[in-house]
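Asker: So here's my_file_18.cif (mmCIF, C-alpha atoms).
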```cif
data_data
loop_
_atom_site.label_atom_id
_atom_site.label_comp_id
_atom_site.auth_asym_id
_atom_site.auth_seq_id
_atom_site.Cartn_x
_atom_site.Cartn_y
_atom_site.Cartn_z
CA MET A 1 29.84 -1.58 3.76
CA ASP A 2 28.51 0.29 6.80
CA LYS A 3 24.89 0.08 5.71
CA TYR A 4 25.05 -3.72 5.50
CA LYS A 5 26.50 -3.83 9.02
CA ALA A 6 23.62 -1.63 10.23
CA ARG A 7 21.10 -3.96 8.57
CA GLU A 8 22.71 -6.98 10.16
CA ASP A 9 22.41 -5.27 13.56
CA LEU A 10 18.75 -4.55 12.90
CA ILE A 11 18.04 -8.15 11.88
CA ALA A 12 19.92 -9.44 14.93
CA ALA A 13 17.88 -7.13 17.19
CA LEU A 14 14.60 -8.14 15.58
CA THR A 15 15.23 -11.87 15.76
CA GLU A 16 16.59 -11.74 19.30
CA ASP A 17 13.24 -12.85 20.71
CA VAL A 18 11.60 -14.44 17.66
CA SER A 19 8.53 -16.49 18.57
CA PRO A 20 5.94 -18.55 16.63
CA VAL A 21 2.97 -16.59 15.29
CA LYS A 22 -0.55 -17.73 14.52
CA PRO A 23 -1.40 -16.71 10.93
CA VAL A 24 -4.19 -14.15 10.61
CA ARG A 25 -7.22 -15.85 9.00
CA PRO A 26 -9.86 -13.80 7.17
CA HIS A 27 -12.65 -16.13 8.35
CA GLU A 28 -11.83 -15.15 11.94
CA GLY A 29 -12.51 -11.53 11.01
CA ALA A 30 -15.78 -12.50 9.35
CA ALA A 31 -16.78 -14.39 12.50
CA MET A 32 -15.98 -11.34 14.66
CA ILE A 33 -18.11 -9.10 12.42
CA VAL A 34 -21.02 -11.58 12.39
CA PHE A 35 -20.80 -11.89 16.17
CA ALA A 36 -20.83 -8.09 16.57
CA SER A 37 -23.83 -7.86 14.21
CA VAL A 38 -25.73 -10.44 16.26
CA ALA A 39 -24.82 -8.56 19.45
CA ALA A 40 -26.06 -5.28 17.90
CA SER A 41 -29.31 -7.01 16.84
CA ILE A 42 -29.89 -8.37 20.33
CA ALA A 43 -29.22 -4.93 21.82
CA CYS A 44 -31.74 -3.38 19.38
CA LEU A 45 -34.32 -6.07 20.19
CA VAL A 46 -33.88 -5.40 23.91
CA ILE A 47 -34.13 -1.63 23.48
CA PHE A 48 -36.84 -1.38 20.78
CA GLY A 49 -38.67 -4.69 21.21
CA PHE A 50 -39.41 -7.47 18.73
CA TRP A 51 -41.71 -6.59 15.82
CA GLN A 52 -44.21 -9.40 15.30
CA GLY A 53 -44.92 -8.24 11.73
CA MET A 54 -41.81 -10.05 10.60
CA ILE A 55 -43.29 -13.46 11.37
CA ASN A 56 -47.06 -12.94 11.05
CA GLY A 57 -46.90 -11.72 7.43
CA GLU A 58 -47.66 -8.09 8.19
CA ALA A 59 -44.25 -6.90 6.89
CA SER A 60 -44.42 -5.40 3.38
CA PRO A 61 -42.26 -6.55 0.46
CA TYR A 62 -40.22 -3.35 0.91
CA PHE A 63 -39.19 -4.61 4.36
CA TRP A 64 -37.83 -7.85 2.89
CA ILE A 65 -36.28 -6.22 -0.18
CA SER A 66 -34.45 -3.53 1.81
CA ASN A 67 -33.21 -5.90 4.51
CA GLY A 68 -32.22 -8.52 1.94
CA LEU A 69 -30.17 -5.94 0.04
CA LEU A 70 -28.58 -4.72 3.27
CA ALA A 71 -27.60 -8.31 4.17
CA LEU A 72 -26.04 -8.82 0.74
CA ALA A 73 -24.20 -5.51 0.82
CA GLY A 74 -22.96 -6.36 4.31
CA ALA A 75 -21.79 -9.82 3.22
CA ALA A 76 -19.99 -8.52 0.11
CA SER A 77 -18.23 -5.72 1.93
CA THR A 78 -17.33 -7.91 4.91
CA SER A 79 -15.83 -10.51 2.60
CA ALA A 80 -13.77 -7.84 0.80
CA LEU A 81 -12.73 -6.23 4.07
CA VAL A 82 -11.44 -9.37 5.78
CA SER A 83 -9.49 -10.33 2.64
CA SER A 84 -7.91 -6.88 2.48
CA VAL A 85 -5.97 -7.39 5.73
CA LEU A 86 -3.56 -9.79 3.98
CA PRO A 87 -1.15 -7.78 1.80
CA ARG A 88 -1.35 -8.64 -1.89
CA VAL A 89 -0.84 -7.00 -5.25
CA GLY A 90 -3.25 -6.92 -8.16
CA ALA A 91 -6.80 -5.84 -8.89
CA HIS A 92 -9.41 -5.63 -6.12
CA GLY A 93 -12.86 -7.15 -6.55
CA SER A 94 -15.70 -4.71 -7.17
CA ALA A 95 -18.47 -6.79 -5.54
CA PRO A 96 -18.99 -4.34 -2.62
CA LEU A 97 -19.37 -1.44 -5.02
CA TRP A 98 -22.03 -3.25 -7.06
CA SER A 99 -23.92 -4.40 -3.99
CA VAL A 100 -24.04 -0.83 -2.66
CA ALA A 101 -25.13 0.40 -6.08
CA MET A 102 -28.02 -2.09 -5.88
CA LEU A 103 -28.84 -0.73 -2.43
CA ALA A 104 -28.89 2.81 -3.85
CA VAL A 105 -31.79 1.75 -6.06
CA LEU A 106 -34.09 2.03 -3.02
CA PRO A 107 -33.72 5.77 -2.34
CA PHE A 108 -33.90 6.38 -6.11
CA ALA A 109 -37.13 4.39 -6.28
CA ALA A 110 -38.53 6.39 -3.35
CA ILE A 111 -37.64 9.71 -4.98
CA ILE A 112 -39.01 8.71 -8.40
CA ALA A 113 -42.22 7.39 -6.83
CA PHE A 114 -42.59 10.68 -4.97
CA LEU A 115 -42.02 12.72 -8.15
CA SER A 116 -44.57 10.67 -10.09
CA TYR A 117 -47.07 11.25 -7.26
CA GLU A 118 -46.47 14.97 -7.57
CA ALA A 119 -47.09 14.57 -11.33
CA GLY A 120 -50.51 13.16 -10.57
CA HIS A 121 -49.90 9.37 -10.48
CA ASN A 122 -51.09 8.03 -7.17
CA HIS A 123 -49.03 5.02 -6.03
CA GLY A 124 -50.00 5.64 -2.43
CA ILE A 125 -46.61 7.29 -1.91
CA GLY A 126 -46.00 10.95 -1.20
CA MET A 127 -44.95 13.56 1.31
CA SER A 128 -48.01 12.66 3.37
CA ASP A 129 -46.40 9.26 4.20
CA PRO A 130 -46.02 9.36 8.02
CA GLY A 131 -42.96 7.12 7.69
CA LEU A 132 -41.03 10.10 6.40
CA MET A 133 -41.31 11.73 9.82
CA TYR A 134 -39.31 9.03 11.58
CA GLY A 135 -35.80 10.05 10.55
CA GLU A 136 -34.40 8.86 13.88
CA CYS A 137 -34.31 5.35 12.40
CA ALA A 138 -31.22 6.44 10.46
CA LEU A 139 -29.58 7.54 13.71
CA TYR A 140 -30.42 4.26 15.46
CA GLY A 141 -29.08 2.28 12.51
CA PHE A 142 -25.86 4.29 12.58
CA MET A 143 -25.48 3.78 16.35
CA ALA A 144 -25.89 0.01 15.89
CA SER A 145 -23.27 0.14 13.13
CA LEU A 146 -20.68 1.45 15.60
CA VAL A 147 -20.71 -1.93 17.37
CA VAL A 148 -19.94 -3.68 14.07
CA ALA A 149 -17.32 -1.08 13.15
CA GLY A 150 -15.56 -1.67 16.48
CA ALA A 151 -15.19 -5.38 15.72
CA ALA A 152 -14.11 -4.68 12.13
CA ILE A 153 -11.42 -2.21 13.21
CA ALA A 154 -10.15 -4.56 15.93
CA PHE A 155 -9.64 -7.26 13.30
CA VAL A 156 -8.13 -4.99 10.65
CA ARG A 157 -5.57 -3.75 13.19
CA ARG A 158 -4.34 -7.34 13.59
CA GLY A 159 -3.67 -7.50 9.87
CA ALA A 160 -1.72 -5.36 7.42
CA PRO A 161 -4.07 -3.52 5.06
CA VAL A 162 -2.08 -1.92 2.25
CA SER A 163 -4.84 0.39 0.99
CA LEU A 164 -6.08 2.33 4.00
CA ASN A 165 -8.66 4.40 2.14
CA ARG A 166 -10.23 1.30 0.61
CA SER A 167 -10.27 -0.41 4.01
CA GLY A 168 -11.92 2.71 5.46
CA TRP A 169 -14.68 2.57 2.84
CA LEU A 170 -15.16 -1.16 3.43
CA ILE A 171 -15.34 -0.76 7.21
CA GLY A 172 -18.04 1.87 6.66
CA LEU A 173 -20.01 -0.18 4.14
CA ALA A 174 -19.87 -3.40 6.15
CA SER A 175 -20.69 -1.78 9.49
CA GLY A 176 -23.32 0.52 7.99
CA SER A 177 -25.14 -2.30 6.20
CA LEU A 178 -25.04 -4.78 9.07
CA GLY A 179 -25.70 -2.14 11.75
CA ALA A 180 -28.70 -0.79 9.83
CA LEU A 181 -29.97 -4.34 9.36
CA ALA A 182 -29.60 -4.99 13.10
CA TYR A 183 -31.88 -2.05 13.88
CA ASN A 184 -34.25 -2.29 10.89
CA ILE A 185 -35.62 -5.70 11.88
CA THR A 186 -37.16 -4.05 14.93
CA CYS A 187 -38.81 -1.19 13.01
CA PRO A 188 -42.55 -1.59 12.26
CA ILE A 189 -42.62 1.17 9.61
CA ASP A 190 -42.16 -0.51 6.24
CA SER A 191 -43.34 1.90 3.55
CA LEU A 192 -41.07 2.49 0.54
CA MET A 193 -40.47 6.14 1.48
CA HIS A 194 -39.38 5.11 4.99
CA VAL A 195 -37.20 2.08 4.27
CA GLY A 196 -35.89 3.52 0.98
CA ILE A 197 -34.55 6.59 2.73
CA TRP A 198 -34.12 6.23 6.50
CA HIS A 199 -33.24 2.51 6.60
CA VAL A 200 -30.58 2.81 3.91
CA LEU A 201 -29.08 6.17 4.84
CA PRO A 202 -26.83 4.79 7.66
CA VAL A 203 -24.86 2.81 5.05
CA PHE A 204 -23.85 5.93 3.16
CA ILE A 205 -23.24 7.95 6.34
CA ALA A 206 -21.06 5.18 7.82
CA ALA A 207 -19.12 4.74 4.56
CA LEU A 208 -18.32 8.44 4.38
CA PHE A 209 -17.54 8.66 8.09
CA TRP A 210 -15.17 5.68 8.21
CA ARG A 211 -13.47 6.60 4.96
CA TYR A 212 -11.94 9.50 6.89
CA ALA A 213 -12.04 8.23 10.49
CA ALA A 214 -10.63 4.72 9.96
CA PRO A 215 -7.22 5.29 8.27
CA PRO A 216 -5.52 6.82 11.36
CA LEU A 217 -6.86 3.92 13.45
CA ILE A 218 -5.61 1.16 11.14
CA ARG A 219 -2.33 2.68 9.91
CA TRP A 220 0.68 0.44 10.73
CA MET B 1 22.14 -14.32 -5.94
CA VAL B 2 18.79 -13.49 -4.36
CA ALA B 3 16.64 -16.39 -3.11
CA ASP B 4 13.78 -17.61 -5.31
CA GLU B 5 10.07 -17.91 -4.49
CA PRO B 6 10.12 -21.50 -3.11
CA THR B 7 13.11 -20.67 -0.88
CA PHE B 8 11.41 -17.54 0.44
CA ALA B 9 8.18 -19.44 1.09
CA ARG B 10 10.05 -22.19 2.97
CA LEU B 11 11.97 -19.68 5.07
CA MET B 12 8.82 -17.72 5.84
CA GLN B 13 6.99 -20.82 7.01
CA ALA B 14 9.90 -21.57 9.33
CA ALA B 15 9.88 -17.94 10.53
CA GLN B 16 6.16 -18.19 11.34
CA ASN B 17 7.01 -21.26 13.40
CA GLY B 18 9.58 -19.30 15.40
CA ASP B 19 12.80 -20.60 13.78
CA LYS B 20 15.43 -17.96 14.61
CA ALA B 21 18.07 -19.04 12.07
CA ALA B 22 15.52 -19.19 9.23
CA THR B 23 14.17 -15.77 10.21
CA ASN B 24 17.68 -14.34 10.06
CA VAL B 25 18.26 -15.74 6.58
CA LEU B 26 14.79 -14.67 5.44
CA LEU B 27 15.28 -11.06 6.53
CA SER B 28 18.76 -10.88 4.97
CA GLU B 29 17.54 -12.29 1.66
CA ALA B 30 14.48 -10.08 1.72
CA GLY B 31 16.82 -7.11 2.21
CA LEU B 32 18.65 -7.97 -1.01
CA TRP B 33 15.38 -8.43 -2.90
CA LEU B 34 14.07 -5.11 -1.57
CA GLU B 35 17.21 -3.26 -2.62
CA ARG B 36 16.52 -4.27 -6.19
CA TYR B 37 12.85 -3.40 -5.79
CA PHE B 38 13.57 0.14 -4.59
CA ARG B 39 16.48 0.83 -6.94
CA ARG B 40 14.14 2.12 -9.64
CA ARG B 41 11.88 3.98 -7.21
CA MET B 42 14.11 5.85 -4.76
CA PRO B 43 17.30 7.95 -4.76
CA PRO B 44 20.28 5.72 -3.79
CA HIS B 45 20.90 7.39 -0.41
CA ALA B 46 17.32 6.70 0.76
CA ILE B 47 17.13 3.04 -0.23
CA ASP B 48 18.72 1.46 2.82
CA ASP B 49 16.46 3.24 5.32
CA LEU B 50 13.39 2.13 3.43
CA VAL B 51 14.70 -1.43 3.11
CA GLN B 52 15.16 -1.51 6.88
CA ASP B 53 11.65 -0.15 7.44
CA VAL B 54 10.21 -2.89 5.25
CA ILE B 55 12.30 -5.53 7.06
CA ILE B 56 10.74 -4.36 10.35
CA SER B 57 7.26 -4.50 8.79
CA LEU B 58 7.94 -7.92 7.32
CA TYR B 59 8.94 -9.18 10.75
CA THR B 60 6.14 -7.56 12.76
CA LYS B 61 3.43 -8.49 10.24
CA ARG B 62 4.69 -11.99 9.45
CA ALA B 63 1.40 -13.46 10.71
CA THR B 64 -0.40 -11.90 7.72
CA TRP B 65 1.30 -14.12 5.14
CA ASP B 66 -0.93 -16.99 4.08
CA PRO B 67 1.26 -20.09 3.42
CA SER B 68 -1.09 -21.16 0.62
CA ARG B 69 -0.18 -18.02 -1.36
CA PRO B 70 3.11 -16.94 -2.96
CA PHE B 71 5.51 -14.97 -0.78
CA LEU B 72 6.96 -12.38 -3.17
CA PRO B 73 3.66 -10.65 -4.09
CA TRP B 74 3.01 -10.37 -0.33
CA LEU B 75 6.44 -8.79 0.20
CA ALA B 76 5.96 -6.50 -2.82
CA ALA B 77 2.63 -5.29 -1.41
CA ILE B 78 4.28 -4.42 1.93
CA ALA B 79 7.22 -2.75 0.15
CA ARG B 80 4.85 -0.65 -1.93
CA TYR B 81 2.82 0.32 1.15
CA ARG B 82 5.97 1.43 3.02
CA TRP B 83 7.21 3.31 -0.02
CA VAL B 84 3.92 5.25 -0.33
CA ASP B 85 3.96 5.86 3.44
CA HIS B 86 7.53 7.13 3.17
CA LEU B 87 6.53 9.59 0.43
CA ARG B 88 3.52 10.69 2.48
CA LYS B 89 5.75 11.39 5.51
CA ILE B 90 8.19 13.42 3.43
CA TYR B 91 5.30 15.46 2.10
CA LYS B 92 3.80 15.99 5.56
CA HIS B 93 7.16 16.84 7.11
CA GLU B 94 7.84 19.49 4.48
CA SER B 95 4.36 20.97 4.90
CA LYS B 96 4.73 20.98 8.69
CA GLU B 97 8.07 22.78 8.56
CA LEU B 98 6.46 25.53 6.57
CA MET B 99 3.40 25.82 8.83
CA GLU B 100 4.96 25.07 12.24
CA ASP B 101 4.46 27.48 15.13
CA ASP B 102 6.23 27.63 18.54
CA ALA B 103 5.45 24.66 20.80
CA ALA B 104 3.68 25.29 24.12
CA GLN B 105 6.00 25.57 27.14
CA ASP B 106 5.52 23.45 30.28
CA SER B 107 6.00 25.04 33.70
CA ASP B 108 9.49 24.55 35.24
CA GLU B 109 8.08 22.60 38.19
CA ASP B 110 6.31 20.09 35.94
CA VAL B 111 9.46 19.61 33.92
CA VAL B 112 11.56 18.90 37.05
CA MET B 113 9.01 16.43 38.45
CA ALA B 114 8.72 14.61 35.12
CA ARG B 115 12.51 14.45 34.88
CA ILE B 116 12.84 12.83 38.35
CA SER B 117 10.22 10.19 37.53
CA LEU B 118 11.70 9.48 34.12
CA ASP B 119 15.23 9.12 35.50
CA ARG B 120 13.97 6.46 37.92
CA LEU B 121 12.20 4.60 35.13
CA PHE B 122 15.13 4.93 32.71
CA GLY B 123 17.36 3.25 35.29
CA GLN B 124 15.43 0.03 34.63
CA LEU B 125 15.85 0.11 30.84
CA PRO B 126 18.81 -1.25 28.83
CA GLU B 127 21.24 1.59 28.10
CA ARG B 128 20.80 1.45 24.30
CA GLN B 129 17.03 1.93 24.68
CA ALA B 130 17.21 4.62 27.36
CA GLU B 131 19.73 6.76 25.48
CA VAL B 132 17.73 6.90 22.22
CA ILE B 133 14.45 7.61 24.03
CA GLU B 134 16.19 10.40 25.92
CA MET B 135 17.60 11.88 22.70
CA VAL B 136 14.54 11.60 20.47
CA LYS B 137 11.54 11.81 22.80
CA ILE B 138 12.95 14.25 25.39
CA SER B 139 15.74 16.28 23.80
CA GLY B 140 13.89 16.44 20.49
CA LEU B 141 16.67 15.10 18.26
CA SER B 142 15.66 13.51 14.98
CA ILE B 143 16.01 9.77 14.45
CA LYS B 144 18.93 10.46 12.13
CA GLU B 145 20.74 12.66 14.67
CA ALA B 146 20.25 10.02 17.39
CA ALA B 147 21.55 7.37 15.00
CA ASP B 148 24.66 9.43 14.23
CA LYS B 149 25.34 10.09 17.93
CA THR B 150 24.89 6.52 19.12
CA GLY B 151 26.28 4.66 16.11
CA GLN B 152 23.01 2.71 15.79
CA SER B 153 21.24 2.57 12.43
CA GLU B 154 18.07 4.67 12.09
CA SER B 155 15.88 1.59 12.04
CA LEU B 156 17.61 0.18 15.10
CA VAL B 157 16.97 3.49 16.88
CA LYS B 158 13.27 3.08 16.01
CA VAL B 159 13.22 -0.51 17.26
CA ASN B 160 14.94 0.49 20.51
CA ILE B 161 12.56 3.42 21.05
CA HIS B 162 9.56 1.18 20.36
CA ARG B 163 10.76 -1.55 22.74
CA GLY B 164 11.86 0.93 25.41
CA LEU B 165 8.56 2.80 25.38
CA LYS B 166 6.68 -0.50 25.56
CA LYS B 167 8.69 -1.48 28.64
CA LEU B 168 8.16 1.96 30.18
CA ALA B 169 4.40 1.68 29.60
CA THR B 170 4.38 -1.74 31.27
CA MET B 171 6.36 -0.40 34.22
CA VAL B 172 4.02 2.57 34.63
CA GLU B 173 0.96 0.30 34.41
CA LYS B 174 2.39 -2.03 37.04
CA ALA B 175 3.33 0.91 39.29
CA GLU B 176 -0.27 2.15 39.21
#
```
Translate the structure of the given file into structure tokens.

Answerer:
Amino acid sequence: MDKYKAREDLIAALTEDVSPVKPVRPHEGAAMIVFASVAASIACLVIFGFWQGMINGEASPYFWISNGLLALAGAASTSALVSSVLPRVGAHGSAPLWSVAMLAVLPFAAIIAFLSYEAGHNHGIGMSDPGLMYGECALYGFMASLVVAGAAIAFVRRGAPVSLNRSGWLIGLASGSLGALAYNITCPIDSLMHVGIWHVLPVFIAALFWRYAAPPLIRW
Amino acid sequence: MVADEPTFARLMQAAQNGDKAATNVLLSEAGLWLERYFRRRMPPHAIDDLVQDVIISLYTKRATWDPSRPFLPWLAAIARYRWVDHLRKIYKHESKELMEDDAAQDSDEDVVMARISLDRLFGQLPERQAEVIEMVKISGLSIKEAADKTGQSESLVKVNIHRGLKKLATMVEKAE
């Protein structure tokens, strides 16, 4: 009998100052992440300058393919992330996983192209590609992703994610993709070796980083 | 008899709108539903604590229920999360007890100064909150020991510590 009395006391204490609440809406989270991505892009444009190649046709197909895939991976993982803040049971969608798998095709293509060059097939791709020297692009992309991750974590903390590890992965994938995209549009180096490795790497670094760093920040 | 899905959904909508009576009924009914949920998952003596933890979560996270979706899967997801969290804490606690070393000691002067400041702040808190903060956060008693001493339930001790600390933080912020 005592335990029911204790529960009644708890309920009475909780409802003492009950007030209306505004339901958490996933589209608000998506808006926050888009806003942060735009802010990161503007910051990158201010710091690194606008690359004219994007509008005068100079940009190679690799530029458009890599950035298009990053945008899709970012959209899929953002959509999954903002939905995950509302508790629910059942199977999770695998769209983010497939979109990142598609993104992983780029570094594979770069490695295979390099190996075939070494085997004597000249596709104009090899270790002599100067784009390979500019690994700092991965660092800049990761730095830009921190802005997006901040917004994502702020929104997730308002909600109630019931799978913290999955939310950690999704925060990393969404922020990594959109942060890398924010920086990549300013980068004039658009060879396959460069975009396939350095422009995509921040996604995998951010995913791994936030898988472990995010759960303590979003636990409730 | 435990409430059905439409009743829960109606009560939850009222709770989101700030209806105190509906919130009371909702939490009581949810408690009964949760007891059944945990009966097959937990030893009998641990069920009530976990039910109370989920009731607190249900209340604090009530904004995350989408009225266009069913209520019970939402509640089940929270119950499962709390259950896993509970198991994780038990595991961590047992590991910590095995690995724990002596805690660092503060200097006597620091302890006396902190005590004076805390006593002044505690004077502005309701007694029920001040006594459990004193027991758990200063004297190092467990939640269960504080609950036994004060006659409050373990979950109520947690609520009072949470609210008391929040008030203390506000007071300290204002003082600075």

Asker: Closest to chain B among A:Phe204, A:Phe142, A:Phe209, A:Phe155, using all atoms listed in the file?

Answerer: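 Nearest to chain B: A:Phe155.
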
Asker: Running the PyMOL selection byres ((chain B) within 8 of (chain A)) on this model by hand, what would come out? Give it as a count of residues only.

Answerer: 33

Asker: Name all residues at most 12 Å from Ala46 of chain B (count only C-alpha atoms; drop same-chain ones fewer than 4 positions away) and give them as number ranges by chain.

Answerer: A: 3; B: 35, 38-42, 50-53, 83, 86-87, 90, 154

Asker: If the PyMOL selection byres ((chain B and resi 146) around 10) is run on the structure shown, which residues does it catch, given as a PyMOL selection string?

Answerer: chain B and resi 131-136+140-145+147-154+157-158

Asker: Interatomic distance between atom CA of Ile189 of chain A and atom CA of Tyr134 of chain A?

Answerer: 8.8 Å

Asker: Point out the residue among A:Pro96, A:Pro130, A:Gly150, A:Gly120 with the least atom-to-atom distance to Ile33 of chain A, counting all atoms listed in the file.

Answerer: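 For Ile33 of chain A, the nearest of the given residues is A:Gly150.
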
Asker: Got a sec: who's within 12 Å of Phe50 of chain A, counting all atoms listed in the file, leaving out chain neighbours fewer than 5 positions off, as an mmCIF file with C-alpha atoms, keeping the file's coordinate frame?

Answerer:
```
data_model
loop_
_atom_site.group_PDB
_atom_site.id
_atom_site.type_symbol
_atom_site.label_atom_id
_atom_site.label_comp_id
_atom_site.auth_asym_id
_atom_site.auth_seq_id
_atom_site.Cartn_x
_atom_site.Cartn_y
_atom_site.Cartn_z
ATOM 1 C CA SER A 41 -29.310 -7.010 16.840
ATOM 2 C CA ILE A 42 -29.890 -8.370 20.330
ATOM 3 C CA ALA A 43 -29.220 -4.930 21.820
ATOM 4 C CA CYS A 44 -31.740 -3.380 19.380
ATOM 5 C CA LEU A 45 -34.320 -6.070 20.190
ATOM 6 C CA ILE A 55 -43.290 -13.460 11.370
ATOM 7 C CA ALA A 182 -29.600 -4.990 13.100
ATOM 8 C CA TYR A 183 -31.880 -2.050 13.880
ATOM 9 C CA ASN A 184 -34.250 -2.290 10.890
ATOM 10 C CA ILE A 185 -35.620 -5.700 11.880
ATOM 11 C CA THR A 186 -37.160 -4.050 14.930
ATOM 12 C CA CYS A 187 -38.810 -1.190 13.010
ATOM 13 C CA PRO A 188 -42.550 -1.590 12.260
#
```

Asker: Smallest atom-to-atom distance to Ile47 of chain B: which of B:Leu26, B:Leu34, B:Ala3, B:Val84, using all atoms listed in the file?

Answerer: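 With all atoms listed in the file as the atom set, the closest residue is B:Leu34.
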
Asker: Do you have the atom CA of His45 of chain B-atom CA of Ala30 of chain B distance handy?

Answerer: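 Between these atoms lies a distance of 18.7 Å.
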
Asker: Grab the atom CA of Leu201 of chain A to atom CA of Met143 of chain A distance for me, in Å with one decimal place.

Answerer: 12.3 Å

Asker: For the PyMOL selection byres ((chain A and resi 81) around 8), applied here, can you spell out every residue it catches as a list of chain:residue names?

Answerer: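 Applied to this file, the PyMOL selection byres ((chain A and resi 81) around 8) selects A:Ser77, A:Thr78, A:Ser79, A:Ala80, A:Val82, A:Ser83, A:Ser84, A:Val85, A:Ser167, A:Leu170, A:Ile171, A:Ala174.
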
Asker: What does the file look like for those residues with C-alpha atoms, as an mmCIF file, keeping the file's coordinate frame?

Answerer:
```
data_model
loop_
_atom_site.group_PDB
_atom_site.id
_atom_site.type_symbol
_atom_site.label_atom_id
_atom_site.label_comp_id
_atom_site.auth_asym_id
_atom_site.auth_seq_id
_atom_site.Cartn_x
_atom_site.Cartn_y
_atom_site.Cartn_z
ATOM 1 C CA SER A 77 -18.230 -5.720 1.930
ATOM 2 C CA THR A 78 -17.330 -7.910 4.910
ATOM 3 C CA SER A 79 -15.830 -10.510 2.600
ATOM 4 C CA ALA A 80 -13.770 -7.840 0.800
ATOM 5 C CA VAL A 82 -11.440 -9.370 5.780
ATOM 6 C CA SER A 83 -9.490 -10.330 2.640
ATOM 7 C CA SER A 84 -7.910 -6.880 2.480
ATOM 8 C CA VAL A 85 -5.970 -7.390 5.730
ATOM 9 C CA SER A 167 -10.270 -0.410 4.010
ATOM 10 C CA LEU A 170 -15.160 -1.160 3.430
ATOM 11 C CA ILE A 171 -15.340 -0.760 7.210
ATOM 12 C CA ALA A 174 -19.870 -3.400 6.150
#
```

Asker: Using only C-alpha atoms and a cutoff of 9 Å, can you tell me which residues are near (-37.2, 2.4, 6.3) in the file's coordinates, and write them out as a PDB file with C-alpha atoms, keeping the file's coordinate frame?

Answerer:
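Listing of result-v9.pdb after writing:
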```pdb
ATOM      1  CA  TYR A  62     -40.220  -3.350   0.910  1.00  0.00           C
ATOM      2  CA  PHE A  63     -39.190  -4.610   4.360  1.00  0.00           C
ATOM      3  CA  SER A  66     -34.450  -3.530   1.810  1.00  0.00           C
ATOM      4  CA  GLY A 131     -42.960   7.120   7.690  1.00  0.00           C
ATOM      5  CA  LEU A 132     -41.030  10.100   6.400  1.00  0.00           C
ATOM      6  CA  TYR A 134     -39.310   9.030  11.580  1.00  0.00           C
ATOM      7  CA  GLY A 135     -35.800  10.050  10.550  1.00  0.00           C
ATOM      8  CA  CYS A 137     -34.310   5.350  12.400  1.00  0.00           C
ATOM      9  CA  ALA A 138     -31.220   6.440  10.460  1.00  0.00           C
ATOM     10  CA  ASN A 184     -34.250  -2.290  10.890  1.00  0.00           C
ATOM     11  CA  CYS A 187     -38.810  -1.190  13.010  1.00  0.00           C
ATOM     12  CA  PRO A 188     -42.550  -1.590  12.260  1.00  0.00           C
ATOM     13  CA  ILE A 189     -42.620   1.170   9.610  1.00  0.00           C
ATOM     14  CA  ASP A 190     -42.160  -0.510   6.240  1.00  0.00           C
ATOM     15  CA  SER A 191     -43.340   1.900   3.550  1.00  0.00           C
ATOM     16  CA  LEU A 192     -41.070   2.490   0.540  1.00  0.00           C
ATOM     17  CA  MET A 193     -40.470   6.140   1.480  1.00  0.00           C
ATOM     18  CA  HIS A 194     -39.380   5.110   4.990  1.00  0.00           C
ATOM     19  CA  VAL A 195     -37.200   2.080   4.270  1.00  0.00           C
ATOM     20  CA  GLY A 196     -35.890   3.520   0.980  1.00  0.00           C
ATOM     21  CA  ILE A 197     -34.550   6.590   2.730  1.00  0.00           C
ATOM     22  CA  TRP A 198     -34.120   6.230   6.500  1.00  0.00           C
ATOM     23  CA  HIS A 199     -33.240   2.510   6.600  1.00  0.00           C
ATOM     24  CA  VAL A 200     -30.580   2.810   3.910  1.00  0.00           C
TER      25      VAL A 200
END
```

Asker: Enclose all atoms of segment 71-76 of chain A listed in the file in an axis-aligned box, grow every side by 6 Å, and hand back centre and edge lengths in Å to one decimal, as lines of an AutoDock Vina configuration file.

Answerer:
```
center_x = -23.8
center_y = -7.7
center_z = 2.2
size_x = 19.6
size_y = 16.3
size_z = 16.2
```

Asker: Complete the atom set of segment 64-68 of chain B to N, CA, C and O atoms and return it as a compact mmCIF listing (two decimals), in the coordinates of the input.

Answerer:
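File produced: part-v6.txt:
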```txt
# COMPACT_ATOMS: atom_id res chain seq x y z
N THR B 64 0.59 -12.19 8.77
CA THR B 64 -0.40 -11.90 7.72
C THR B 64 -0.06 -12.58 6.39
O THR B 64 -0.77 -12.38 5.41
N TRP B 65 1.02 -13.36 6.36
CA TRP B 65 1.30 -14.12 5.14
C TRP B 65 0.56 -15.46 5.21
O TRP B 65 0.66 -16.18 6.19
N ASP B 66 -0.18 -15.74 4.16
CA ASP B 66 -0.93 -16.99 4.08
C ASP B 66 -0.04 -18.02 3.35
O ASP B 66 0.29 -17.83 2.18
N PRO B 67 0.34 -19.11 4.03
CA PRO B 67 1.26 -20.09 3.42
C PRO B 67 0.73 -20.70 2.12
O PRO B 67 1.50 -21.25 1.34
N SER B 68 -0.56 -20.60 1.87
CA SER B 68 -1.09 -21.16 0.62
C SER B 68 -0.91 -20.20 -0.56
O SER B 68 -1.26 -20.52 -1.69
```
